[in-house]
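As structure tokens, the structure follows; a few thoughts come after it.
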Amino acid sequence: MKHLAHLNKYFYKYRWRMIPGVIFVIISNYFGVLPAQVIRIAFDLVKENISMYRLFDGFERQQLVYSVFGSSLLLFGSLVLVLALIRGLFLFLMRQTIILTSRHIEYDLKNEIYTHYQRLDMAFYRRNNTGDLMNRVTEDVNRVRSYLGPAIMYSINTAVLSIMVIAAMVSVNPTLALYALMPIPILSAILLVVNKMINRRGERIQQQLSTLSSFVQETFSGIRVIKTYNQEADKMKRFKDESNIYRQASLALVKTEAVFFPLILLLIGLSTVITVYVGGLEVAKGTITSGNIAEFIIYVNQLTFPAMALAWVTSLIQRAAASQKRINEFLRTQPEIQSPAVHEDVKIRGHIRFDNVSFTYPDTGIQALTNVSFEVKPGTVLAIVGKTGSGKSTLANLLLRMYDAQTGTISIDGRDIRRLPLQSFRSQVGFVPQDVFLFSDTIANNIAFGLDVADMDRVEEASRKAAVHDNIASFEKGFETFVGERGITLSGGQKQRISIARALIKEPQILIFDDCLSAVDTKTEEEILRNLSIAMQGKSTIFIAHRVSTIKNADHIIVLDQGSVIEEGTHEKLLALRGSYYELHEKQLLEEAV
Ligand SMILES: Nc1ncnc2c1ncn2[C@@H]1O[C@H](COP(=O)(O)OP(=O)(O)OP(=O)(O)O)[C@@H](O)[C@H]1O
């Protein structure tokens, strides 16, 4: 329960909706209990009138007794109806306040979690899988909402109704009340057990459902590979097996649920029988009237709801507490990458320095960089080459502050990167990642992603610089072409160039290209590089590449191997060294010749 305390701030925020809600619950229950008393009076009246009617047997007055009796019954009937209507009105108001509030809190909570997610760093996203992140903001919040709305509403309802009904029963006849109430605790206990079983089975279904949907999602994403390798039949069989597990779990749940209602009816029936029997004895003794028996039967039936609600509400609260615990776990996680407390706008020149930087990925323990030092003067181009896994992308990650280096310092314009305001700094860095990601949106919006307002002139200009303008213009809808999930309608090279345009449009002071020309042919590469050389003027650029041809004009080149700088200098100087760079160059020349 302590986990749910996180929600108290929301109860406080919405107190002026919750408090009337509670009052409506009390009033609606009061009008729920009253009809039983009206029915008791009506019942006694019927009995008296029948005796009176018989008494006037053969007299003219008998007809009068009959008509008075008829109209008073009509009056009682109308009264019960009016009471039910008033109760209905307050039930409506109760839902309008409490359930509505739960929706408001659900909205606030979802926003709170999502906003917090946005603040968390890459290390957090590496540690937790997407399914888990999504579940906490959807499924878990949903369960918490069940606590905020139905569970709280029915808890208050159950408590108020039970107190009112039991008080009314005891005030009529304590002995009869005791006997009539006897099966109720047994009913509650059994329902608690059955409900637990239902929940366990429900959980099992939920788990299987997420396994099934993950499986289906993966199959669709990898449909090309499945078809190429003729694995359709195999996947179908796997789907059938998984579906069958789901079916079995659902059947098990249906069986348990089937026991639920007959069980309630049985025990309520038992209570009714006891009430009629013991009540009959009391009537014979003259302690109560037969109308009281009718009243009691209504009370007993009214108690069915609290008995059921108790079990249900208990499980709702337990599940909500477990969900809120998971949510709190994330909400309490603080990003390791922090921006300095004072907010300022810095204008960077782009003087980058790495001094003895070493970095180990925290989640895998892989040492990706060891004592790396280099400098990029404002307006110059640094190129980084090296084998796959040598730490090139890690350098970009550190410069973008996706992670902080454990030792050594990275500085921009002589200021430690950790002391630069994060948002202001990142807004001046244009990054083209190795694996392109396009949002399900128009090409124009994808390019204008980093801008506050999409300016079409700037979008077109950036796409020209990235040598993708003519490609986009040839599409039927041009820049308004919608890019599907992960941009599947575009070729790899087109996607890479759109990604370059996205980085250029911000006109950043620092540009980082992480192997972003791998999917374009050498001719297009030359065209892009020609355009880029204009875009890169006056900016500091880091070019990560595999191909020597891409970077030979850089002002400075470093060669990485297993996280360390093994060679550095200009293209000519490195060739003259006849080391790794030279080998790479020769190998690539040979490949091009073939
Ligand atoms: N997010 C990560 N978490 C843990 N380890 C990582 C992560 N990213 C990379 N690594 C590891 O760090 C090392 C350096 O990887 P990095 O991506 O920097 O190499 P790279 O030179 O860019 O390779 P490539 O040319 O193939 O892109 C590798 O051993 C890799 O397995």
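The way I read the labels, and the way they are meant: chains A, B, ... in the order of the structure tokens, residue 1 as the first residue of every chain, and ligand 1 as the first ligand shown, with later ones counted on from there.
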Handout entry: All residues 12 Å or closer to range 227-241 of chain A, only C-alpha atoms, same chain fewer than 2 positions away omitted, as a ChimeraX atom specification
Key = /A:208-209,211-225,243-248
Handout entry: Shell of 8 Å around Val346 in chain A, only C-alpha atoms, local chain residues under 2 positions omitted, as an MDAnalysis selection string
Key = chainID A and resid 344 348 420:421 424:425
Output N, CA and C atoms for every residue in that selection, as a short mmCIF file (atom, residue, chain, number, x, y, z; two decimals), in the first residue's frame.
data_model
loop_
_atom_site.label_atom_id
_atom_site.label_comp_id
_atom_site.auth_asym_id
_atom_site.auth_seq_id
_atom_site.Cartn_x
_atom_site.Cartn_y
_atom_site.Cartn_z
N GLU A 344 21.44 28.68 -18.93
CA GLU A 344 21.97 29.80 -19.72
C GLU A 344 22.05 29.38 -21.18
N ILE A 348 28.39 28.44 -28.87
CA ILE A 348 29.69 27.77 -28.95
C ILE A 348 30.40 28.08 -30.28
N LEU A 420 28.43 22.50 -19.44
CA LEU A 420 27.68 23.25 -20.44
C LEU A 420 26.19 22.93 -20.31
N PRO A 421 25.32 23.94 -20.46
CA PRO A 421 23.88 23.62 -20.40
C PRO A 421 23.52 22.66 -21.54
N SER A 424 21.07 23.68 -24.58
CA SER A 424 21.63 24.72 -25.43
C SER A 424 22.79 24.14 -26.25
N PHE A 425 23.61 23.29 -25.60
CA PHE A 425 24.74 22.69 -26.30
C PHE A 425 24.26 21.76 -27.42
#
So which residues of range 229-457 of chain A fall under helix (DSSP H, G or I) by DSSP, listed as a compact mmCIF listing (two decimals) with N, CA and C atoms, in the first residue's frame?
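Below is the file that was written, result_3.txt:
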# COMPACT_ATOMS: atom_id res chain seq x y z
N GLU A 232 7.59 -19.61 -43.49
CA GLU A 232 6.19 -19.27 -43.18
C GLU A 232 5.51 -20.38 -42.38
N ALA A 233 5.69 -21.65 -42.85
CA ALA A 233 5.00 -22.76 -42.19
C ALA A 233 5.46 -22.90 -40.75
N ASP A 234 6.76 -22.72 -40.55
CA ASP A 234 7.31 -22.84 -39.22
C ASP A 234 6.73 -21.77 -38.28
N LYS A 235 6.65 -20.56 -38.82
CA LYS A 235 6.09 -19.45 -38.01
C LYS A 235 4.62 -19.70 -37.70
N MET A 236 3.89 -20.27 -38.68
CA MET A 236 2.48 -20.55 -38.48
C MET A 236 2.29 -21.55 -37.35
N LYS A 237 3.18 -22.56 -37.36
CA LYS A 237 3.09 -23.59 -36.33
C LYS A 237 3.36 -22.97 -34.95
N ARG A 238 4.38 -22.12 -34.89
CA ARG A 238 4.72 -21.46 -33.62
C ARG A 238 3.54 -20.60 -33.13
N PHE A 239 2.91 -19.93 -34.11
CA PHE A 239 1.77 -19.07 -33.74
C PHE A 239 0.63 -19.93 -33.18
N LYS A 240 0.39 -21.08 -33.86
CA LYS A 240 -0.68 -21.98 -33.40
C LYS A 240 -0.40 -22.45 -31.98
N ASP A 241 0.86 -22.82 -31.72
CA ASP A 241 1.23 -23.32 -30.39
C ASP A 241 0.99 -22.23 -29.33
N GLU A 242 1.47 -21.03 -29.66
CA GLU A 242 1.32 -19.93 -28.69
C GLU A 242 -0.16 -19.60 -28.47
N SER A 243 -0.93 -19.62 -29.56
CA SER A 243 -2.37 -19.34 -29.46
C SER A 243 -3.06 -20.39 -28.61
N ASN A 244 -2.58 -21.63 -28.76
CA ASN A 244 -3.19 -22.72 -28.00
C ASN A 244 -2.96 -22.54 -26.50
N ILE A 245 -1.76 -22.09 -26.14
CA ILE A 245 -1.48 -21.84 -24.72
C ILE A 245 -2.44 -20.75 -24.22
N TYR A 246 -2.64 -19.74 -25.07
CA TYR A 246 -3.56 -18.65 -24.72
C TYR A 246 -4.98 -19.19 -24.53
N ARG A 247 -5.39 -20.08 -25.46
CA ARG A 247 -6.74 -20.64 -25.37
C ARG A 247 -6.93 -21.42 -24.07
N GLN A 248 -5.92 -22.27 -23.75
CA GLN A 248 -6.02 -23.08 -22.54
C GLN A 248 -6.15 -22.18 -21.30
N ALA A 249 -5.35 -21.11 -21.28
CA ALA A 249 -5.39 -20.20 -20.14
C ALA A 249 -6.77 -19.54 -20.05
N SER A 250 -7.34 -19.18 -21.21
CA SER A 250 -8.67 -18.54 -21.21
C SER A 250 -9.73 -19.51 -20.74
N LEU A 251 -9.62 -20.78 -21.16
CA LEU A 251 -10.61 -21.77 -20.75
C LEU A 251 -10.58 -21.97 -19.24
N ALA A 252 -9.35 -21.99 -18.70
CA ALA A 252 -9.21 -22.17 -17.25
C ALA A 252 -9.89 -21.02 -16.52
N LEU A 253 -9.77 -19.84 -17.06
CA LEU A 253 -10.39 -18.68 -16.42
C LEU A 253 -11.92 -18.76 -16.48
N VAL A 254 -12.42 -19.15 -17.65
CA VAL A 254 -13.87 -19.25 -17.81
C VAL A 254 -14.45 -20.23 -16.79
N LYS A 255 -13.72 -21.36 -16.59
CA LYS A 255 -14.21 -22.38 -15.65
C LYS A 255 -14.33 -21.79 -14.25
N THR A 256 -13.31 -21.06 -13.82
CA THR A 256 -13.36 -20.49 -12.47
C THR A 256 -14.47 -19.45 -12.38
N GLU A 257 -14.57 -18.63 -13.43
CA GLU A 257 -15.60 -17.59 -13.40
C GLU A 257 -17.00 -18.19 -13.34
N ALA A 258 -17.12 -19.38 -13.97
CA ALA A 258 -18.43 -20.04 -14.00
C ALA A 258 -18.89 -20.43 -12.59
N VAL A 259 -17.91 -20.64 -11.69
CA VAL A 259 -18.25 -21.02 -10.30
C VAL A 259 -18.71 -19.80 -9.51
N PHE A 260 -18.18 -18.65 -9.91
CA PHE A 260 -18.33 -17.43 -9.13
C PHE A 260 -19.79 -17.08 -8.81
N PHE A 261 -20.60 -16.89 -9.84
CA PHE A 261 -21.97 -16.43 -9.60
C PHE A 261 -22.89 -17.46 -8.96
N PRO A 262 -22.85 -18.73 -9.41
CA PRO A 262 -23.67 -19.73 -8.71
C PRO A 262 -23.35 -19.79 -7.22
N LEU A 263 -22.08 -19.62 -6.89
CA LEU A 263 -21.66 -19.66 -5.49
C LEU A 263 -22.31 -18.53 -4.70
N ILE A 264 -22.32 -17.35 -5.30
CA ILE A 264 -22.93 -16.20 -4.62
C ILE A 264 -24.43 -16.48 -4.43
N LEU A 265 -25.06 -16.95 -5.49
CA LEU A 265 -26.50 -17.19 -5.43
C LEU A 265 -26.83 -18.24 -4.37
N LEU A 266 -25.96 -19.26 -4.28
CA LEU A 266 -26.19 -20.31 -3.30
C LEU A 266 -26.18 -19.75 -1.88
N LEU A 267 -25.16 -18.97 -1.58
CA LEU A 267 -25.04 -18.47 -0.21
C LEU A 267 -26.10 -17.42 0.11
N ILE A 268 -26.48 -16.62 -0.88
CA ILE A 268 -27.54 -15.64 -0.65
C ILE A 268 -28.87 -16.38 -0.43
N GLY A 269 -29.05 -17.45 -1.22
CA GLY A 269 -30.25 -18.27 -1.06
C GLY A 269 -30.32 -18.83 0.35
N LEU A 270 -29.15 -19.27 0.83
CA LEU A 270 -29.07 -19.84 2.17
C LEU A 270 -29.46 -18.79 3.23
N SER A 271 -28.94 -17.58 3.04
CA SER A 271 -29.29 -16.49 3.95
C SER A 271 -30.79 -16.23 3.95
N THR A 272 -31.37 -16.26 2.74
CA THR A 272 -32.80 -15.98 2.62
C THR A 272 -33.62 -17.05 3.35
N VAL A 273 -33.20 -18.32 3.17
CA VAL A 273 -33.91 -19.42 3.83
C VAL A 273 -33.85 -19.25 5.35
N ILE A 274 -32.64 -18.93 5.84
CA ILE A 274 -32.47 -18.74 7.29
C ILE A 274 -33.37 -17.59 7.76
N THR A 275 -33.37 -16.50 6.96
CA THR A 275 -34.18 -15.33 7.34
C THR A 275 -35.66 -15.70 7.45
N VAL A 276 -36.15 -16.44 6.44
CA VAL A 276 -37.57 -16.80 6.44
C VAL A 276 -37.88 -17.71 7.64
N TYR A 277 -36.97 -18.69 7.88
CA TYR A 277 -37.21 -19.65 8.96
C TYR A 277 -37.18 -18.96 10.33
N VAL A 278 -36.02 -18.31 10.62
CA VAL A 278 -35.89 -17.66 11.94
C VAL A 278 -36.90 -16.52 12.06
N GLY A 279 -37.10 -15.78 10.97
CA GLY A 279 -38.07 -14.68 10.96
C GLY A 279 -39.47 -15.20 11.26
N GLY A 280 -39.83 -16.34 10.68
CA GLY A 280 -41.14 -16.95 10.91
C GLY A 280 -41.34 -17.23 12.39
N LEU A 281 -40.28 -17.78 13.03
CA LEU A 281 -40.35 -18.07 14.47
C LEU A 281 -40.57 -16.80 15.28
N GLU A 282 -39.84 -15.74 14.87
CA GLU A 282 -39.96 -14.45 15.58
C GLU A 282 -41.36 -13.86 15.40
N VAL A 283 -41.91 -14.01 14.18
CA VAL A 283 -43.26 -13.50 13.92
C VAL A 283 -44.25 -14.23 14.84
N ALA A 284 -44.04 -15.57 14.95
CA ALA A 284 -44.92 -16.38 15.80
C ALA A 284 -44.85 -15.91 17.26
N LYS A 285 -43.59 -15.49 17.65
CA LYS A 285 -43.41 -15.00 19.03
C LYS A 285 -44.01 -13.60 19.18
N SER A 290 -44.65 -9.72 9.79
CA SER A 290 -44.23 -10.43 8.58
C SER A 290 -43.60 -9.46 7.58
N GLY A 291 -43.96 -8.18 7.68
CA GLY A 291 -43.33 -7.16 6.81
C GLY A 291 -41.84 -7.08 7.06
N ASN A 292 -41.43 -7.31 8.32
CA ASN A 292 -40.00 -7.29 8.64
C ASN A 292 -39.23 -8.38 7.88
N ILE A 293 -39.91 -9.53 7.66
CA ILE A 293 -39.22 -10.61 6.93
C ILE A 293 -38.93 -10.14 5.51
N ALA A 294 -39.94 -9.51 4.88
CA ALA A 294 -39.73 -8.99 3.52
C ALA A 294 -38.60 -7.97 3.53
N GLU A 295 -38.60 -7.11 4.55
CA GLU A 295 -37.56 -6.08 4.66
C GLU A 295 -36.17 -6.74 4.76
N PHE A 296 -36.09 -7.80 5.61
CA PHE A 296 -34.82 -8.50 5.81
C PHE A 296 -34.31 -9.16 4.53
N ILE A 297 -35.26 -9.74 3.79
CA ILE A 297 -34.83 -10.42 2.55
C ILE A 297 -34.18 -9.40 1.61
N ILE A 298 -34.77 -8.21 1.57
CA ILE A 298 -34.16 -7.16 0.72
C ILE A 298 -32.77 -6.80 1.25
N TYR A 299 -32.64 -6.65 2.57
CA TYR A 299 -31.34 -6.31 3.14
C TYR A 299 -30.29 -7.38 2.79
N VAL A 300 -30.67 -8.63 2.97
CA VAL A 300 -29.71 -9.72 2.71
C VAL A 300 -29.24 -9.65 1.26
N ASN A 301 -30.22 -9.42 0.36
CA ASN A 301 -29.84 -9.33 -1.05
C ASN A 301 -28.96 -8.12 -1.32
N GLN A 302 -29.24 -7.04 -0.58
CA GLN A 302 -28.41 -5.85 -0.77
C GLN A 302 -26.97 -6.09 -0.32
N LEU A 303 -26.79 -6.99 0.63
CA LEU A 303 -25.44 -7.27 1.13
C LEU A 303 -24.61 -8.11 0.16
N THR A 304 -25.27 -8.68 -0.84
CA THR A 304 -24.52 -9.47 -1.83
C THR A 304 -23.45 -8.61 -2.47
N PHE A 305 -23.85 -7.38 -2.81
CA PHE A 305 -22.92 -6.51 -3.51
C PHE A 305 -21.66 -6.22 -2.68
N PRO A 306 -21.80 -5.77 -1.41
CA PRO A 306 -20.58 -5.54 -0.64
C PRO A 306 -19.70 -6.79 -0.52
N ALA A 307 -20.36 -7.96 -0.37
CA ALA A 307 -19.57 -9.19 -0.23
C ALA A 307 -18.73 -9.43 -1.48
N MET A 308 -19.35 -9.21 -2.64
CA MET A 308 -18.62 -9.39 -3.89
C MET A 308 -17.56 -8.31 -4.05
N ALA A 309 -17.98 -7.07 -3.75
CA ALA A 309 -17.08 -5.94 -3.96
C ALA A 309 -15.83 -6.05 -3.11
N LEU A 310 -15.98 -6.60 -1.90
CA LEU A 310 -14.84 -6.71 -1.00
C LEU A 310 -13.70 -7.50 -1.65
N ALA A 311 -14.08 -8.66 -2.20
CA ALA A 311 -13.06 -9.51 -2.84
C ALA A 311 -12.47 -8.81 -4.05
N TRP A 312 -13.34 -8.22 -4.83
CA TRP A 312 -12.91 -7.59 -6.07
C TRP A 312 -11.99 -6.39 -5.81
N VAL A 313 -12.46 -5.54 -4.85
CA VAL A 313 -11.70 -4.34 -4.53
C VAL A 313 -10.32 -4.71 -3.96
N THR A 314 -10.28 -5.76 -3.10
CA THR A 314 -9.00 -6.17 -2.53
C THR A 314 -8.02 -6.50 -3.64
N SER A 315 -8.48 -7.27 -4.64
CA SER A 315 -7.53 -7.64 -5.68
C SER A 315 -7.16 -6.44 -6.56
N LEU A 316 -8.13 -5.53 -6.77
CA LEU A 316 -7.81 -4.33 -7.56
C LEU A 316 -6.71 -3.53 -6.87
N ILE A 317 -6.85 -3.40 -5.56
CA ILE A 317 -5.87 -2.58 -4.82
C ILE A 317 -4.50 -3.26 -4.83
N GLN A 318 -4.50 -4.60 -4.66
CA GLN A 318 -3.22 -5.31 -4.67
C GLN A 318 -2.51 -5.14 -6.01
N ARG A 319 -3.29 -5.29 -7.07
CA ARG A 319 -2.69 -5.18 -8.41
C ARG A 319 -2.21 -3.75 -8.66
N ALA A 320 -3.01 -2.78 -8.21
CA ALA A 320 -2.62 -1.38 -8.41
C ALA A 320 -1.34 -1.07 -7.64
N ALA A 321 -1.21 -1.63 -6.42
CA ALA A 321 -0.02 -1.38 -5.62
C ALA A 321 1.22 -1.95 -6.32
N ALA A 322 1.06 -3.16 -6.90
CA ALA A 322 2.19 -3.77 -7.62
C ALA A 322 2.57 -2.92 -8.82
N SER A 323 1.56 -2.40 -9.52
CA SER A 323 1.84 -1.57 -10.70
C SER A 323 2.48 -0.25 -10.31
N GLN A 324 1.96 0.36 -9.24
CA GLN A 324 2.51 1.64 -8.82
C GLN A 324 3.96 1.47 -8.34
N LYS A 325 4.25 0.30 -7.78
CA LYS A 325 5.63 0.03 -7.34
C LYS A 325 6.56 0.07 -8.56
N ARG A 326 6.09 -0.58 -9.64
CA ARG A 326 6.90 -0.57 -10.87
C ARG A 326 7.05 0.85 -11.42
N ILE A 327 5.95 1.60 -11.39
CA ILE A 327 6.00 2.98 -11.90
C ILE A 327 6.97 3.82 -11.06
N ASN A 328 6.86 3.68 -9.73
CA ASN A 328 7.73 4.47 -8.84
C ASN A 328 9.20 4.17 -9.08
N GLU A 329 9.48 2.89 -9.37
CA GLU A 329 10.86 2.47 -9.62
C GLU A 329 11.47 3.35 -10.71
N PHE A 330 10.72 3.57 -11.79
CA PHE A 330 11.22 4.40 -12.90
C PHE A 330 11.21 5.88 -12.53
N LEU A 331 10.14 6.29 -11.82
CA LEU A 331 10.04 7.72 -11.48
C LEU A 331 11.18 8.14 -10.56
N LYS A 392 34.53 4.11 -32.61
CA LYS A 392 34.25 5.37 -33.33
C LYS A 392 32.91 5.98 -32.90
N SER A 393 31.86 5.15 -32.91
CA SER A 393 30.55 5.68 -32.52
C SER A 393 30.53 6.08 -31.06
N THR A 394 31.34 5.39 -30.26
CA THR A 394 31.39 5.73 -28.83
C THR A 394 31.89 7.16 -28.65
N LEU A 395 32.85 7.56 -29.48
CA LEU A 395 33.35 8.93 -29.41
C LEU A 395 32.22 9.92 -29.64
N ALA A 396 31.39 9.62 -30.66
CA ALA A 396 30.25 10.50 -30.96
C ALA A 396 29.28 10.51 -29.78
N ASN A 397 29.04 9.34 -29.19
CA ASN A 397 28.13 9.25 -28.03
C ASN A 397 28.60 10.14 -26.88
N LEU A 398 29.93 10.13 -26.66
CA LEU A 398 30.46 10.92 -25.54
C LEU A 398 30.36 12.41 -25.84
N LEU A 399 30.61 12.77 -27.09
CA LEU A 399 30.57 14.18 -27.46
C LEU A 399 29.14 14.72 -27.37
N ILE A 417 32.63 19.79 -20.84
CA ILE A 417 31.33 19.55 -21.47
C ILE A 417 30.22 19.33 -20.42
N ARG A 418 30.63 18.80 -19.24
CA ARG A 418 29.64 18.53 -18.20
C ARG A 418 29.12 19.81 -17.56
N ARG A 419 29.84 20.91 -17.81
CA ARG A 419 29.37 22.19 -17.23
C ARG A 419 28.63 23.06 -18.24
N LEU A 422 22.98 21.51 -21.14
CA LEU A 422 22.82 20.40 -22.08
C LEU A 422 21.97 20.75 -23.30
N GLN A 423 20.81 21.37 -23.04
CA GLN A 423 19.89 21.63 -24.15
C GLN A 423 20.49 22.63 -25.14
N SER A 424 21.07 23.68 -24.58
CA SER A 424 21.63 24.72 -25.43
C SER A 424 22.79 24.14 -26.25
N PHE A 425 23.61 23.29 -25.60
CA PHE A 425 24.74 22.69 -26.30
C PHE A 425 24.26 21.76 -27.42
N ARG A 426 23.31 20.87 -27.07
CA ARG A 426 22.85 19.90 -28.08
C ARG A 426 22.19 20.60 -29.26
N ILE A 443 8.12 13.68 -45.20
CA ILE A 443 9.57 13.90 -45.35
C ILE A 443 9.92 15.30 -44.82
N ALA A 444 9.06 16.28 -45.15
CA ALA A 444 9.33 17.66 -44.70
C ALA A 444 9.44 17.72 -43.18
N ASN A 445 8.50 17.08 -42.49
CA ASN A 445 8.55 17.12 -41.02
C ASN A 445 9.74 16.36 -40.47
N ASN A 446 10.16 15.31 -41.17
CA ASN A 446 11.34 14.58 -40.72
C ASN A 446 12.59 15.44 -40.83
N ILE A 447 12.67 16.21 -41.91
CA ILE A 447 13.85 17.07 -42.08
C ILE A 447 13.81 18.22 -41.08
N ALA A 448 12.61 18.77 -40.88
CA ALA A 448 12.48 19.95 -40.01
C ALA A 448 12.39 19.56 -38.53
N PHE A 449 12.71 18.30 -38.21
CA PHE A 449 12.51 17.77 -36.85
C PHE A 449 13.12 18.65 -35.74
N GLY A 450 14.32 19.16 -36.00
CA GLY A 450 15.01 19.92 -34.94
C GLY A 450 14.57 21.37 -34.86
N MET A 456 9.55 25.71 -44.96
CA MET A 456 9.75 24.94 -46.19
C MET A 456 10.99 25.37 -46.97
N ASP A 457 11.31 26.67 -46.95
CA ASP A 457 12.50 27.12 -47.69
C ASP A 457 13.75 26.47 -47.12
Within 6 Å of ligand 1 (only C-alpha atoms and all ligand atoms), residues as a tab-separated table (two decimals) with C-alpha atoms, in the first residue's frame:
chain	number	residue	atom	x	y	z
A	361	TYR	CA	29.94	0.93	-21.15
A	364	THR	CA	28.20	-4.47	-20.48
A	366	ILE	CA	33.09	-3.30	-22.40
A	368	ALA	CA	35.30	1.05	-25.65
A	388	THR	CA	34.42	-2.16	-36.78
A	389	GLY	CA	34.05	-2.09	-33.01
A	390	SER	CA	37.09	0.15	-32.55
A	391	GLY	CA	35.11	2.80	-30.65
A	392	LYS	CA	34.25	5.37	-33.33
A	393	SER	CA	30.55	5.68	-32.52
A	394	THR	CA	31.39	5.73	-28.83
Could you give me, as a PDB file with N, CA and C atoms, in the first residue's frame, the residues within 8 Å of Gln494 in chain A, counting only C-alpha atoms and dropping anything in the same chain fewer than 3 positions from it?
ATOM      1  N   VAL A 468      19.544  15.307 -51.845  1.00  0.00           N
ATOM      2  CA  VAL A 468      18.372  14.423 -51.883  1.00  0.00           C
ATOM      3  C   VAL A 468      17.149  15.185 -52.430  1.00  0.00           C
ATOM      4  N   ASN A 471      15.522  13.764 -55.650  1.00  0.00           N
ATOM      5  CA  ASN A 471      14.841  12.500 -55.332  1.00  0.00           C
ATOM      6  C   ASN A 471      13.462  12.761 -54.745  1.00  0.00           C
ATOM      7  N   LEU A 490      11.496   4.231 -48.474  1.00  0.00           N
ATOM      8  CA  LEU A 490      12.673   4.874 -49.065  1.00  0.00           C
ATOM      9  C   LEU A 490      13.843   3.909 -49.121  1.00  0.00           C
ATOM     10  N   SER A 491      14.772   4.197 -50.046  1.00  0.00           N
ATOM     11  CA  SER A 491      15.968   3.347 -50.118  1.00  0.00           C
ATOM     12  C   SER A 491      16.904   3.742 -48.970  1.00  0.00           C
ATOM     13  N   ARG A 497      20.411  10.326 -46.588  1.00  0.00           N
ATOM     14  CA  ARG A 497      20.542  11.726 -47.000  1.00  0.00           C
ATOM     15  C   ARG A 497      19.484  12.608 -46.324  1.00  0.00           C
ATOM     16  N   ILE A 498      18.296  12.028 -46.089  1.00  0.00           N
ATOM     17  CA  ILE A 498      17.274  12.801 -45.355  1.00  0.00           C
ATOM     18  C   ILE A 498      17.769  13.072 -43.936  1.00  0.00           C
TER      19      ILE A 498
END
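Distance annotation: of A:Met1, A:Leu120, A:Leu178, A:Ile205, the residue with the minimal separation from Tyr403 in chain A is A:Leu120; atom set is only C-alpha atoms.
Counting from CA of Arg204 in chain A, the distance to CA of Ala189 in chain A is 23.1 Å.
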Practice task
Find the residues near Ile105 in chain A: any atom within 8 Å, counting only C-alpha atoms, skip ones fewer than 2 places away on the same chain, and give them as a ChimeraX atom specification.
Solution key: /A:10,101-103,107-109,145,148
Problem - Selection near range 152-164 of chain A, 6 Å with only C-alpha atoms, sequence-local residues under 2 positions removed, as a ChimeraX atom specification - result: /A:25,29,148-150,166-167,306
